[in-house]
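Trainee: Quick one: structure below, then a few questions.
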Amino acid sequence: MLYYENIAMSTQSVLLNCRPLAQKLLLQAQHGLKGAAARPSVAMIAVGGSEKDYGYPHKHARKTAESLGIEWKSRYLANDAAENEVLAAIASLNADSSVTGIVLHRPFPDRLSLKTLQQAVNPEKDVEGMHPSSLGQVVYQGSRGMHKGLSSILWPCTAKAAVETLKHAIQNSSTPTELKGLEILVIGTSDVLAKPVCSLLHAE
């Protein structure tokens, strides 16, 4: 759930229901995958635990992927795995032609450098859109890439979801409008969400 505050409506806060938009996007994904030459395959790497330990998030991700016809692979490394071991696991997935996408499950132990791990992922398999080259394209391609739907850009998925949810809420509010020209406050400075959200909003 997300919150949207409409200044024009006496600062009324509205709790956003993301389910209708999620269902719409799932249908779009199903349609888009129908013409795929081969079955897509996404591999997730986590350090420590198992699917049973992580519970709902991992089960839901696998279930959603499989409902779309996407093969989901989970690779759980030992909690004390060295950074070189994690990098080796990423390298093996980069080289595996049957794997079309890679997801790094966060958080990682503090002793591991998330930036180093993100940089190790092949940008073409970075389905989270968190590789430096992916983030750089968001900044430099800007609105041209957003509106032309450049296939070379893998948008940061969590930030893209937040922006799409906000757009959906604004366009379906009692006073429909567009993001362009609005003043939007983003609270936070995280590399995973806040900064990419700002870049995507600028692209609008």
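Simple scheme: letters A, B, ... for chains in structure tokens order, numbers from 1 for residues in each chain, numbers from 1 for ligands in the order shown.
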Can you list, as a PyMOL selection string, every protein, DNA or RNA residue that comes within 8 Å of region 176-184 of chain A when you count only C-alpha atoms, leaving out same-chain residues fewer than 5 positions away?
Mentor: chain A and resi 167+170-171+201+204
Trainee: Can you list, as a PyMOL selection string, every residue of chain A that DSSP puts in strand (DSSP E or B)?
Mentor: chain A and resi 2-6+12-16+41-47+71-77+101-104+126
Trainee: If we count only C-alpha atoms, what is near Gly49 (chain A) at a cut-off of 8 Å, once residues fewer than 3 positions away on the same chain are taken out, given as a PyMOL selection string?
Mentor: chain A and resi 46+52-54+76-79
Trainee: Per residue of region 92-139 of chain A within 12 Å of region 157-163 of chain A, record the nearest atom pair and its distance in Å to one decimal, counting only C-alpha atoms, with rows in chain order and ascending residue number, as JSON lines.
Mentor:
```
{"residue": "A:Val103", "atom": "CA", "partner": "A:Cys157", "partner_atom": "CA", "distance": 10.9}
{"residue": "A:Asp126", "atom": "CA", "partner": "A:Cys157", "partner_atom": "CA", "distance": 10.1}
{"residue": "A:Val127", "atom": "CA", "partner": "A:Cys157", "partner_atom": "CA", "distance": 7.5}
{"residue": "A:Glu128", "atom": "CA", "partner": "A:Cys157", "partner_atom": "CA", "distance": 5.2}
{"residue": "A:Gly129", "atom": "CA", "partner": "A:Cys157", "partner_atom": "CA", "distance": 6.2}
{"residue": "A:Met130", "atom": "CA", "partner": "A:Cys157", "partner_atom": "CA", "distance": 8.3}
{"residue": "A:His131", "atom": "CA", "partner": "A:Cys157", "partner_atom": "CA", "distance": 11.6}
{"residue": "A:Ser134", "atom": "CA", "partner": "A:Cys157", "partner_atom": "CA", "distance": 11.0}
{"residue": "A:Leu135", "atom": "CA", "partner": "A:Cys157", "partner_atom": "CA", "distance": 11.0}
{"residue": "A:Val138", "atom": "CA", "partner": "A:Lys160", "partner_atom": "CA", "distance": 10.8}
```
Trainee: Need to verify the contact set: region 86-95 of chain A, 12 Å, only C-alpha atoms, exclusion of same-chain residues closer than 6 positions in sequence. Can you return it as number ranges by chain?
Mentor: A: 41-48, 73-80, 101-105, 108-109, 111-126
Trainee: Put those residues in a file: N, CA, C and O atoms, as a short mmCIF file (atom, residue, chain, number, x, y, z; two decimals), in the first residue's frame.
Mentor:
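Ended up saving to result_31.cif:
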```
data_model
loop_
_atom_site.label_atom_id
_atom_site.label_comp_id
_atom_site.auth_asym_id
_atom_site.auth_seq_id
_atom_site.Cartn_x
_atom_site.Cartn_y
_atom_site.Cartn_z
N SER A 41 13.55 -17.28 -17.80
CA SER A 41 13.95 -17.91 -16.55
C SER A 41 14.63 -16.86 -15.67
O SER A 41 15.57 -16.19 -16.10
N VAL A 42 14.13 -16.71 -14.46
CA VAL A 42 14.70 -15.74 -13.51
C VAL A 42 15.32 -16.49 -12.34
O VAL A 42 14.69 -17.39 -11.76
N ALA A 43 16.55 -16.13 -12.01
CA ALA A 43 17.25 -16.77 -10.89
C ALA A 43 17.44 -15.75 -9.77
O ALA A 43 17.85 -14.62 -10.01
N MET A 44 17.10 -16.15 -8.56
CA MET A 44 17.25 -15.29 -7.39
C MET A 44 18.36 -15.82 -6.50
O MET A 44 18.41 -17.01 -6.22
N ILE A 45 19.24 -14.92 -6.06
CA ILE A 45 20.33 -15.29 -5.15
C ILE A 45 20.08 -14.66 -3.78
O ILE A 45 19.83 -13.44 -3.69
N ALA A 46 20.13 -15.47 -2.75
CA ALA A 46 20.01 -14.97 -1.38
C ALA A 46 21.14 -15.56 -0.55
O ALA A 46 21.61 -16.66 -0.82
N VAL A 47 21.58 -14.81 0.44
CA VAL A 47 22.63 -15.29 1.34
C VAL A 47 22.01 -15.60 2.69
O VAL A 47 21.49 -14.72 3.37
N GLY A 48 22.04 -16.88 3.06
CA GLY A 48 21.47 -17.30 4.33
C GLY A 48 20.02 -17.75 4.19
O GLY A 48 19.25 -17.17 3.42
N LYS A 73 14.07 -19.77 -10.36
CA LYS A 73 15.09 -20.56 -9.69
C LYS A 73 15.58 -19.80 -8.47
O LYS A 73 15.84 -18.60 -8.54
N SER A 74 15.71 -20.49 -7.36
CA SER A 74 16.22 -19.88 -6.13
C SER A 74 17.55 -20.51 -5.75
O SER A 74 17.67 -21.74 -5.75
N ARG A 75 18.51 -19.66 -5.44
CA ARG A 75 19.81 -20.17 -5.01
C ARG A 75 20.15 -19.54 -3.66
O ARG A 75 20.35 -18.32 -3.57
N TYR A 76 20.19 -20.36 -2.62
CA TYR A 76 20.46 -19.88 -1.27
C TYR A 76 21.89 -20.26 -0.89
O TYR A 76 22.22 -21.44 -0.84
N LEU A 77 22.70 -19.24 -0.63
CA LEU A 77 24.08 -19.47 -0.19
C LEU A 77 24.14 -19.44 1.33
O LEU A 77 23.28 -18.84 1.99
N ALA A 78 25.16 -20.05 1.88
CA ALA A 78 25.32 -20.08 3.33
C ALA A 78 25.44 -18.67 3.90
O ALA A 78 25.94 -17.76 3.23
N ASN A 79 24.98 -18.50 5.12
CA ASN A 79 25.00 -17.18 5.75
C ASN A 79 26.41 -16.62 5.88
O ASN A 79 26.61 -15.41 5.91
N ASP A 80 27.41 -17.51 5.97
CA ASP A 80 28.79 -17.06 6.11
C ASP A 80 29.53 -17.07 4.76
O ASP A 80 30.76 -17.01 4.72
N GLY A 101 17.15 -13.63 -16.43
CA GLY A 101 17.08 -12.54 -15.46
C GLY A 101 17.67 -12.96 -14.12
O GLY A 101 17.60 -14.13 -13.73
N ILE A 102 18.26 -11.99 -13.41
CA ILE A 102 18.87 -12.26 -12.10
C ILE A 102 18.32 -11.27 -11.07
O ILE A 102 18.23 -10.06 -11.34
N VAL A 103 17.97 -11.80 -9.91
CA VAL A 103 17.48 -10.97 -8.80
C VAL A 103 18.39 -11.20 -7.59
O VAL A 103 18.68 -12.35 -7.25
N LEU A 104 18.84 -10.12 -6.97
CA LEU A 104 19.63 -10.21 -5.74
C LEU A 104 18.71 -9.91 -4.56
O LEU A 104 18.18 -8.80 -4.45
N HIS A 105 18.51 -10.91 -3.71
CA HIS A 105 17.61 -10.70 -2.57
C HIS A 105 18.30 -9.86 -1.50
O HIS A 105 19.36 -10.22 -1.00
N PHE A 108 21.58 -8.01 2.27
CA PHE A 108 22.72 -8.92 2.39
C PHE A 108 23.42 -8.61 3.71
O PHE A 108 23.28 -7.51 4.26
N PRO A 109 24.19 -9.55 4.23
CA PRO A 109 24.98 -9.27 5.44
C PRO A 109 25.84 -8.02 5.22
O PRO A 109 26.31 -7.76 4.11
N ARG A 111 28.78 -7.36 5.83
CA ARG A 111 30.16 -7.57 5.38
C ARG A 111 30.26 -7.66 3.86
O ARG A 111 31.36 -7.60 3.29
N LEU A 112 29.12 -7.80 3.18
CA LEU A 112 29.11 -7.88 1.71
C LEU A 112 28.76 -6.52 1.12
O LEU A 112 27.90 -5.81 1.63
N SER A 113 29.43 -6.16 0.05
CA SER A 113 29.17 -4.88 -0.61
C SER A 113 28.07 -5.05 -1.65
O SER A 113 28.27 -5.71 -2.67
N LEU A 114 26.90 -4.46 -1.38
CA LEU A 114 25.78 -4.57 -2.31
C LEU A 114 26.12 -3.95 -3.66
O LEU A 114 25.77 -4.51 -4.71
N LYS A 115 26.83 -2.84 -3.65
CA LYS A 115 27.18 -2.18 -4.91
C LYS A 115 28.08 -3.07 -5.76
O LYS A 115 27.93 -3.14 -6.97
N THR A 116 29.03 -3.74 -5.10
CA THR A 116 29.92 -4.64 -5.83
C THR A 116 29.13 -5.78 -6.45
O THR A 116 29.36 -6.16 -7.61
N LEU A 117 28.18 -6.32 -5.71
CA LEU A 117 27.37 -7.42 -6.21
C LEU A 117 26.47 -6.96 -7.36
O LEU A 117 26.31 -7.66 -8.36
N GLN A 118 25.88 -5.77 -7.22
CA GLN A 118 25.02 -5.24 -8.29
C GLN A 118 25.81 -5.02 -9.57
O GLN A 118 25.32 -5.29 -10.67
N GLN A 119 27.03 -4.53 -9.42
CA GLN A 119 27.87 -4.26 -10.59
C GLN A 119 28.28 -5.56 -11.28
O GLN A 119 28.61 -5.55 -12.47
N ALA A 120 28.27 -6.68 -10.54
CA ALA A 120 28.69 -7.95 -11.11
C ALA A 120 27.61 -8.58 -11.99
O ALA A 120 27.91 -9.45 -12.81
N VAL A 121 26.37 -8.15 -11.82
CA VAL A 121 25.27 -8.72 -12.61
C VAL A 121 25.33 -8.19 -14.04
O VAL A 121 25.53 -6.99 -14.27
N ASN A 122 25.17 -9.08 -15.00
CA ASN A 122 25.10 -8.67 -16.41
C ASN A 122 23.94 -7.70 -16.56
O ASN A 122 22.80 -8.05 -16.26
N PRO A 123 24.19 -6.46 -17.04
CA PRO A 123 23.12 -5.47 -17.17
C PRO A 123 21.91 -5.97 -17.95
O PRO A 123 20.78 -5.58 -17.69
N GLU A 124 22.15 -6.85 -18.93
CA GLU A 124 21.06 -7.38 -19.74
C GLU A 124 20.20 -8.38 -18.97
O GLU A 124 19.10 -8.72 -19.40
N LYS A 125 20.70 -8.86 -17.82
CA LYS A 125 19.94 -9.79 -17.00
C LYS A 125 19.48 -9.14 -15.69
O LYS A 125 18.86 -9.79 -14.85
N ASP A 126 19.76 -7.86 -15.55
CA ASP A 126 19.44 -7.13 -14.31
C ASP A 126 17.97 -6.72 -14.32
O ASP A 126 17.64 -5.58 -14.62
#
```
Trainee: As an exercise, work out the distance from CA of Lys195 (chain A) to CA of Gln137 (chain A) in Å and give it to one decimal place.
Mentor: 13.7 Å
Trainee: Can you pull out every residue within 12 Å of Ile70 (chain A), counting only C-alpha atoms, but drop anything in the same chain fewer than 6 positions away, and send it as a PyMOL selection string?
Mentor: chain A and resi 29-30+33-34+36+38-43+61-64+98-101
Trainee: Just C-alpha atoms for this one: save the residues we selected as a PDB file, in the first residue's frame.
Mentor:
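Generated file (result.pdb):
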```
ATOM      1  CA  ALA A  29       2.868  -9.202 -18.952  1.00  0.00           C
ATOM      2  CA  GLN A  30       0.979 -12.360 -19.897  1.00  0.00           C
ATOM      3  CA  LEU A  33       5.177 -13.119 -22.976  1.00  0.00           C
ATOM      4  CA  LYS A  34       2.931 -15.028 -25.374  1.00  0.00           C
ATOM      5  CA  ALA A  36       8.458 -15.191 -26.425  1.00  0.00           C
ATOM      6  CA  ALA A  38      11.824 -19.322 -25.347  1.00  0.00           C
ATOM      7  CA  ARG A  39      10.561 -19.611 -21.798  1.00  0.00           C
ATOM      8  CA  PRO A  40      12.092 -16.828 -19.660  1.00  0.00           C
ATOM      9  CA  SER A  41      13.953 -17.907 -16.549  1.00  0.00           C
ATOM     10  CA  VAL A  42      14.699 -15.741 -13.505  1.00  0.00           C
ATOM     11  CA  ALA A  43      17.247 -16.767 -10.886  1.00  0.00           C
ATOM     12  CA  ALA A  61       7.556 -14.057  -6.234  1.00  0.00           C
ATOM     13  CA  ARG A  62       7.915 -17.656  -7.403  1.00  0.00           C
ATOM     14  CA  LYS A  63       4.144 -18.132  -7.691  1.00  0.00           C
ATOM     15  CA  THR A  64       3.720 -14.917  -9.692  1.00  0.00           C
ATOM     16  CA  SER A  98      19.108 -20.491 -19.918  1.00  0.00           C
ATOM     17  CA  VAL A  99      18.885 -17.719 -17.299  1.00  0.00           C
ATOM     18  CA  THR A 100      17.366 -14.522 -18.684  1.00  0.00           C
ATOM     19  CA  GLY A 101      17.085 -12.543 -15.459  1.00  0.00           C
TER      20      GLY A 101
END
```
Trainee: Measuring between only C-alpha atoms, which one of A:Gly35, A:Trp72, A:Pro107, A:Thr189 shows the shortest distance to His60 (chain A)?
Mentor: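 So, comparing all the options, the nearest one is A:Trp72.
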